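Data from coords.cif: mmCIF, C-alpha atoms and all ligand atoms
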data_model
#
loop_
_atom_site.label_atom_id
_atom_site.label_comp_id
_atom_site.auth_asym_id
_atom_site.auth_seq_id
_atom_site.Cartn_x
_atom_site.Cartn_y
_atom_site.Cartn_z
CA MET A 1 -4.03 98.47 81.69
CA ASN A 2 -7.39 100.05 82.26
CA LEU A 3 -9.48 102.94 80.89
CA SER A 4 -7.13 105.54 82.38
CA THR A 5 -4.21 104.13 80.33
CA PRO A 6 -3.72 106.04 77.04
CA GLY A 7 -4.08 103.54 74.20
CA TYR A 8 -6.21 101.08 76.19
CA ILE A 9 -9.19 101.69 73.89
CA LEU A 10 -7.20 100.30 70.94
CA SER A 11 -7.75 96.82 72.42
CA LEU A 12 -11.54 97.18 72.63
CA LYS A 13 -13.93 95.53 70.20
CA LYS A 14 -17.19 97.05 68.98
CA HIS A 15 -19.37 95.58 71.75
CA GLU A 16 -16.90 96.84 74.37
CA LEU A 17 -16.79 100.34 72.85
CA LEU A 18 -20.58 100.37 73.15
CA GLN A 19 -20.24 100.00 76.93
CA LEU A 20 -17.93 103.02 77.44
CA PRO A 21 -19.16 105.91 79.58
CA PRO A 22 -19.04 109.36 77.97
CA ASN A 23 -16.40 110.53 80.45
CA ILE A 24 -13.40 108.20 80.41
CA GLY A 25 -11.42 110.61 82.59
CA ARG A 26 -8.76 111.58 80.05
CA PRO A 27 -8.40 112.78 76.45
CA LEU A 28 -8.62 110.02 73.84
CA THR A 29 -5.39 109.58 71.89
CA GLU A 30 -5.45 110.22 68.14
CA SER A 31 -5.06 106.50 67.40
CA GLU A 32 -7.92 105.68 69.78
CA ILE A 33 -10.20 108.11 67.94
CA ARG A 34 -9.15 106.57 64.61
CA HIS A 35 -9.85 103.09 66.06
CA ILE A 36 -13.35 104.12 67.14
CA LEU A 37 -14.17 105.73 63.76
CA HIS A 38 -12.80 102.69 61.91
CA THR A 39 -14.71 100.20 64.10
CA PHE A 40 -18.03 101.89 63.35
CA LEU A 41 -17.24 102.07 59.60
CA CYS A 42 -17.12 105.84 59.77
CA THR A 43 -13.82 106.01 57.87
CA TRP A 44 -13.05 104.14 54.66
CA LYS A 45 -9.68 103.86 52.88
CA HIS A 46 -9.11 102.03 49.61
CA SER A 47 -6.87 99.00 50.16
CA GLY A 48 -5.04 99.27 46.83
CA ASP A 49 -6.78 96.12 45.55
CA TYR A 50 -8.23 97.19 42.18
CA THR A 51 -10.87 94.44 42.28
CA LYS A 52 -12.41 96.42 45.17
CA PRO A 53 -14.57 99.49 44.49
CA HIS A 54 -13.69 103.05 45.43
CA ALA A 55 -15.71 106.15 46.23
CA SER A 56 -17.15 108.78 43.96
CA LEU A 57 -18.04 111.87 45.97
CA PRO A 58 -21.67 112.83 46.62
CA SER A 59 -23.27 115.94 45.20
CA THR A 60 -23.40 117.46 48.69
CA THR A 61 -19.62 117.95 48.72
CA SER A 62 -17.69 120.69 46.97
CA SER A 63 -15.92 117.98 44.91
CA ASN A 64 -19.14 116.56 43.43
CA GLY A 65 -18.36 113.69 41.01
CA CYS A 66 -14.65 113.44 41.85
CA CYS A 67 -13.17 110.10 42.94
CA THR A 68 -11.31 109.53 46.20
CA ASP A 69 -9.42 106.81 48.07
CA PHE A 70 -10.55 107.99 51.51
CA PHE A 71 -13.79 109.24 53.01
CA ILE A 72 -15.29 109.98 56.43
CA ASN A 73 -19.01 109.40 56.80
CA THR A 74 -19.72 110.91 60.22
CA PRO A 75 -23.34 109.69 60.62
CA GLN A 76 -21.99 106.13 60.91
CA ALA A 77 -20.46 107.08 64.26
CA LEU A 78 -22.85 109.82 65.35
CA GLU A 79 -25.96 107.65 65.00
CA VAL A 80 -24.51 105.37 67.69
CA VAL A 81 -25.83 107.09 70.80
CA ASN A 82 -23.04 106.28 73.21
CA ILE A 83 -20.26 106.90 70.66
CA ASN A 84 -21.86 110.27 69.92
CA ARG A 85 -21.80 111.06 73.66
CA LEU A 86 -18.22 109.83 74.05
CA LEU A 87 -16.97 112.03 71.17
CA ALA A 88 -19.16 114.96 72.27
CA PHE A 89 -17.64 114.81 75.76
CA GLN A 90 -14.14 114.95 74.25
CA LEU A 91 -15.10 117.98 72.16
CA ALA A 92 -16.70 119.65 75.20
CA GLN A 93 -13.43 119.27 77.15
CA LYS A 94 -11.50 120.87 74.25
CA ILE A 95 -13.99 123.75 74.18
CA LYS A 96 -13.48 124.36 77.92
CA GLU A 97 -9.69 124.35 77.46
CA GLU A 98 -9.68 126.71 74.49
CA TYR A 99 -12.48 128.99 75.66
CA PRO A 100 -12.74 128.97 79.48
CA GLU A 101 -15.39 131.72 79.38
CA VAL A 102 -17.79 129.01 78.19
CA ASN A 103 -18.28 128.26 81.90
CA THR A 104 -19.55 131.73 82.76
CA ASN A 105 -21.10 133.15 79.59
CA THR A 106 -24.66 132.51 78.46
CA ILE A 107 -24.02 130.16 75.55
CA ARG A 108 -26.25 129.35 72.59
CA VAL A 109 -24.88 126.47 70.52
CA VAL A 110 -25.84 126.74 66.82
CA ASN A 111 -25.22 124.04 64.23
CA PRO A 112 -25.99 123.76 60.50
CA SER A 113 -28.64 121.24 59.41
CA TYR A 114 -28.70 118.34 60.02
CA SER A 115 -25.86 115.85 60.50
CA SER A 116 -24.34 117.65 63.48
CA THR A 117 -27.58 118.17 65.41
CA THR A 118 -27.35 115.24 67.83
CA LEU A 119 -23.66 115.94 68.44
CA ALA A 120 -24.44 119.61 69.13
CA THR A 121 -27.19 118.61 71.59
CA ASN A 122 -24.77 116.41 73.53
CA VAL A 123 -22.00 119.03 73.53
CA ALA A 124 -24.50 121.70 74.64
CA ASN A 125 -25.35 119.46 77.60
CA PHE A 126 -21.74 118.80 78.55
CA ILE A 127 -20.77 122.50 78.48
CA ASN A 128 -24.00 123.54 80.26
CA ALA A 129 -25.06 125.76 77.38
CA THR A 130 -28.30 127.67 77.92
CA LYS A 131 -29.74 127.20 74.43
CA HIS A 132 -29.27 125.22 71.24
CA THR A 133 -30.50 126.12 67.76
CA TYR A 134 -30.04 124.17 64.56
CA LEU A 135 -30.35 125.87 61.20
CA LYS A 136 -32.97 124.67 58.72
CA LYS A 137 -32.40 123.71 55.10
CA THR A 138 -34.12 125.85 52.50
CA PRO A 139 -36.90 124.00 50.59
CA ASN A 140 -34.54 123.28 47.66
CA GLY A 141 -32.04 121.81 50.14
CA GLU A 142 -29.20 123.92 48.82
CA SER A 143 -28.66 126.39 51.61
CA GLN A 144 -29.50 127.10 55.23
CA THR A 145 -31.82 129.49 57.02
CA TRP A 146 -32.27 130.64 60.58
CA PRO A 147 -35.38 129.01 62.15
CA ASP A 148 -38.04 131.65 62.71
CA ILE A 149 -38.93 130.24 66.15
CA SER A 150 -35.57 131.26 67.66
CA TYR A 151 -34.51 134.68 68.90
CA THR A 152 -31.08 135.50 70.23
CA SER A 153 -30.67 138.08 72.97
CA HIS A 154 -27.80 140.49 73.43
CA ASP A 155 -26.43 138.79 76.54
CA GLU A 156 -25.85 135.55 74.65
CA VAL A 157 -22.67 134.30 73.03
CA VAL A 158 -23.22 132.12 69.97
CA LEU A 159 -20.98 129.08 69.78
CA PRO A 160 -21.17 127.64 66.23
CA LEU A 161 -20.54 123.89 66.01
CA ASP A 162 -20.27 121.28 63.26
CA GLU A 163 -19.25 117.63 62.88
CA ILE A 164 -16.73 117.81 60.04
CA THR A 165 -15.09 120.34 57.75
CA ALA A 166 -13.33 119.65 54.46
CA SER A 167 -13.13 123.16 53.04
CA GLY A 168 -14.66 125.59 55.55
CA VAL A 169 -17.45 126.46 53.09
CA THR A 170 -20.29 125.14 55.29
CA GLY A 171 -18.77 126.91 58.29
CA GLU A 172 -18.61 130.25 56.47
CA GLY A 173 -22.23 129.79 55.34
CA THR A 174 -23.33 128.93 58.88
CA LEU A 175 -21.74 132.09 60.30
CA SER A 176 -23.24 134.30 57.61
CA VAL A 177 -26.77 132.89 58.11
CA ILE A 178 -26.51 133.44 61.87
CA GLY A 179 -25.10 136.96 61.38
CA GLU A 180 -27.76 138.03 58.89
CA ALA A 181 -30.64 136.81 61.06
CA ASN A 182 -29.21 138.23 64.28
CA PRO A 183 -27.69 141.69 63.72
CA GLY A 184 -25.03 142.48 66.33
CA VAL A 185 -24.66 138.82 67.36
CA ARG A 186 -21.66 138.00 69.56
CA PHE A 187 -19.70 134.94 68.43
CA ALA A 188 -17.35 132.92 70.63
CA PRO A 189 -13.74 133.13 69.38
CA ILE A 190 -13.76 129.42 68.49
CA PHE A 191 -15.62 127.17 66.04
CA PRO A 192 -15.74 123.62 67.44
CA ILE A 193 -15.79 121.00 64.66
CA LEU A 194 -15.47 117.36 65.71
CA ILE A 195 -13.27 116.30 62.78
CA ASN A 196 -11.04 118.65 60.79
CA ARG A 197 -10.09 117.13 57.44
CA SER A 198 -9.09 120.45 55.90
CA ASN A 199 -5.76 122.21 56.16
CA GLY A 200 -7.47 125.25 57.64
CA THR A 201 -7.11 126.40 61.25
CA LYS A 202 -9.70 129.20 61.25
CA ILE A 203 -13.11 129.96 59.76
CA CYS A 204 -13.85 133.68 59.37
CA GLY A 205 -11.32 134.38 62.12
CA LEU A 206 -12.76 131.82 64.58
CA LYS A 207 -10.26 129.16 65.66
CA ILE A 208 -11.26 125.61 64.65
CA VAL A 209 -11.26 123.34 67.73
CA SER A 210 -11.34 119.62 66.86
CA ILE A 211 -10.68 116.29 68.54
CA ILE A 212 -8.86 114.97 65.48
CA THR A 213 -7.36 116.27 62.23
CA PHE A 214 -7.00 114.25 59.05
CA ASN A 215 -4.29 115.90 57.00
CA PRO A 216 -5.35 116.34 53.35
CA GLN A 217 -2.04 114.67 52.38
CA GLU A 218 -3.38 111.42 53.84
CA PHE A 219 -5.78 110.99 50.93
CA ASN A 220 -6.34 111.76 47.24
CA ILE A 221 -9.21 113.40 45.41
CA TRP A 222 -9.16 113.08 41.62
CA GLU A 223 -11.09 115.10 39.05
CA PRO A 224 -13.50 113.11 36.87
CA GLY A 225 -11.53 111.29 34.14
CA GLN A 226 -8.23 111.51 36.02
CA CYS A 227 -8.76 108.79 38.59
CA PRO A 228 -6.04 106.07 38.58
CA LEU A 229 -8.36 103.67 40.42
CA CYS A 230 -10.98 103.93 37.63
CA ALA A 231 -8.15 103.51 35.07
CA ALA A 232 -6.98 100.32 36.83
CA GLY A 233 -10.49 98.84 36.72
CA SER A 234 -11.74 99.56 40.23
CA LYS A 235 -15.45 100.39 40.15
CA PRO A 236 -16.43 103.90 41.34
CA ILE A 237 -19.35 103.88 43.74
CA ARG A 238 -21.33 107.05 44.28
CA ILE A 239 -21.49 107.25 48.07
CA ARG A 240 -24.98 108.73 47.97
CA SER A 241 -27.14 109.01 44.89
CA HIS A 242 -30.87 109.50 44.42
CA GLN A 243 -31.25 109.32 48.19
CA LYS A 244 -29.66 105.88 48.14
CA ASN A 245 -26.86 105.24 50.60
CA ASN A 246 -24.14 103.10 49.02
CA TRP A 247 -21.63 103.46 51.86
CA GLN A 248 -21.73 99.81 52.96
CA LYS A 249 -20.81 98.66 49.41
CA LEU A 250 -17.33 100.13 49.89
CA PHE A 251 -16.68 97.57 52.64
CA ALA A 252 -17.95 94.54 50.70
ZN ZN A 301 -12.43 106.70 40.12
#
Now that the file is in, can you turn its structure into structure tokens?
Amino acid sequence: MNLSTPGYILSLKKHELLQLPPNIGRPLTESEIRHILHTFLCTWKHSGDYTKPHASLPSTTSSNGCCTDFFINTPQALEVVNINRLLAFQLAQKIKEEYPEVNTNTIRVVNPSYSSTTLATNVANFINATKHTYLKKTPNGESQTWPDISYTSHDEVVLPLDEITASGVTGEGTLSVIGEANPGVRFAPIFPILINRSNGTKICGLKIVSIITFNPQEFNIWEPGQCPLCAAGSKPIRIRSHQKNNWQKLFA
């Protein structure tokens, strides 16, 4: 077994994953991607042990205040430089398969602020994009704006890109901000998103291209007051609150 063998990466420990080159010469299998995300504590699933805490969703999600037994915290993986590059390379290959014109068109990658910015930079490199813009947050942090230092030109194709989607809402917002700031903009027919944890396949008509999908049936989200984990005595932990990151507490 070596790197070219599908499944080989399942045997690698954290320090070995950190040595991988971005191009391993083949697509990662779904279980290899899950292994990488799990190793870097990017995915959390409740074990069923009620003495262990569970997650209460942050206010940045559309399910603010609901409880869940599963969550994906992409920065845990994307802050690791070589894991970011490894996953970005995989997404770049998918983009080239689904949208071969990426090789000949003048491409501007655009991502929403801010979690997907480093991923988008790496993908832009691997697909030889000409430009990369990331949207800014408005001062109240609630929505996005086009940065006033960037101007698209009519020969460009805008390739929107994000790191995860749960509902498509951020994606729709991203497209509308780009469209409003750049009348007549040409979009690529695809919307690359590293991880798709929604049951959607398109955002505003653009096909979602991902390296992995987490089916919504794999996890539960409960409305406040209806969570069986709370009822059984498991402590809910707000993943992020008052700018405090509680993610590691879920693994204690
Ligand atoms: Zn709960």
*For ligand ZN 301 (chain A), collect every residue having any atom at a distance of at most 6 Å from a ligand atom (counting all atoms listed in the file); output as a list in words.*
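My answer, listing the contacting residues, is Cys67, Cys227, Leu229, Cys230 and Pro236 of chain A.
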*State, in Å with one decimal place, the distance from atom CA of Cys42 of chain A to atom CA of Val80 of chain A.*
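Going from atom CA of Cys42 of chain A over to atom CA of Val80 of chain A covers 10.8 Å.
Here atom CA of Ala124 of chain A and atom CA of Ile107 of chain A stand 8.5 Å from one another.
Coordinates place atom CA of Pro192 of chain A at a distance of 28.8 Å from atom CA of Asn246 of chain A.
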At a cut-off of 10 Å, using only C-alpha atoms, what residues contact Leu135 of chain A? Leave out same-chain residues fewer than 5 positions from it and give the result as a compact mmCIF listing (two decimals) with C-alpha atoms, keeping the file's coordinate frame.
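Ended up saving to selection.txt:
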# COMPACT_ATOMS: atom_id res chain seq x y z
CA VAL A 110 -25.84 126.74 66.82
CA ASN A 111 -25.22 124.04 64.23
CA PRO A 112 -25.99 123.76 60.50
CA SER A 113 -28.64 121.24 59.41
CA TYR A 114 -28.70 118.34 60.02
CA THR A 117 -27.58 118.17 65.41
CA SER A 143 -28.66 126.39 51.61
CA GLN A 144 -29.50 127.10 55.23
CA THR A 145 -31.82 129.49 57.02
CA TRP A 146 -32.27 130.64 60.58
CA PRO A 147 -35.38 129.01 62.15
CA ASP A 148 -38.04 131.65 62.71
CA SER A 150 -35.57 131.26 67.66
CA THR A 174 -23.33 128.93 58.88
CA VAL A 177 -26.77 132.89 58.11
CA ILE A 178 -26.51 133.44 61.87
*Check the smallest atom-to-atom distance from each of A:Val123, A:Ala55, A:Val109, A:Ala88 to Leu159 of chain A using only C-alpha atoms, then report the winner.*
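Looking at the shortest contact to Leu159 of chain A, the residue is A:Val109.
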*Given the choices A:Leu78, A:Leu20, A:Ile9, A:Leu41, which gets closest to Ala252 of chain A if the distance is worked out from all atoms listed in the file?*
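Between A:Leu78, A:Leu20, A:Ile9, A:Leu41, the residue approaching Ala252 of chain A most closely is A:Leu41.
Considering the residues A:Val81, A:Leu175, A:Val185, A:Val157 and counting only C-alpha atoms, Leu206 of chain A has its shortest atom-to-atom contact with A:Leu175.
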*Residue contacts of Val158 of chain A (10 Å, only C-alpha atoms) excluding same-chain residues fewer than 6 positions away, as a PyMOL selection string*: chain A and resi 105-110+129+131-133+152+175+178+185-191
*asked:* Ranking A:Asp155, A:Gly25, A:Lys14, A:Ile203 by minimum distance to Asn2 of chain A and counting all atoms listed in the file, which one comes first?
replied: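 Selected residue with least distance to Asn2 of chain A: A:Gly25.
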*For Pro228 of chain A, which residue out of A:Lys94, A:His54, A:Arg34, A:Lys244 is the nearest one, using all atoms listed in the file?*
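Using all atoms listed in the file, Pro228 of chain A sits closest to A:His54.
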*For the point (-4.9, 109.1, 76.9) in file coordinates, what residues are within 9 Å, counting all atoms listed in the file? Give the answer as a ChimeraX atom specification?*
/A:3-8,25-30,32
_Given all atoms listed in the file as the counted atoms, nearest of A:Lys96, A:Lys207, A:Lys235, A:Lys137 to His46 of chain A_ =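 Looking at the shortest contact to His46 of chain A, the residue is A:Lys235.
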*Test item: residues at most 10 Å from Glu79 of chain A, all atoms listed in the file, excluding those fewer than 5 positions along its chain, as a PyMOL selection string*: chain A and resi 40+74+84+115+118-119
Write the residues of the selection above to a file with C-alpha atoms, as a PDB file, in the frame of the given file.
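Result file follows (selection_37.pdb):
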ATOM      1  CA  PHE A  40     -18.030 101.890  63.350  1.00  0.00           C
ATOM      2  CA  THR A  74     -19.720 110.910  60.220  1.00  0.00           C
ATOM      3  CA  ASN A  84     -21.860 110.270  69.920  1.00  0.00           C
ATOM      4  CA  SER A 115     -25.860 115.850  60.500  1.00  0.00           C
ATOM      5  CA  THR A 118     -27.350 115.240  67.830  1.00  0.00           C
ATOM      6  CA  LEU A 119     -23.660 115.940  68.440  1.00  0.00           C
TER       7      LEU A 119
END
_Using all atoms listed in the file, which protein or nucleic acid residues come within 8 Å of Ser116 of chain A? Drop anything in the same chain fewer than 5 positions from it, and give the result as an MDAnalysis selection string._
chainID A and resid 111 161:163
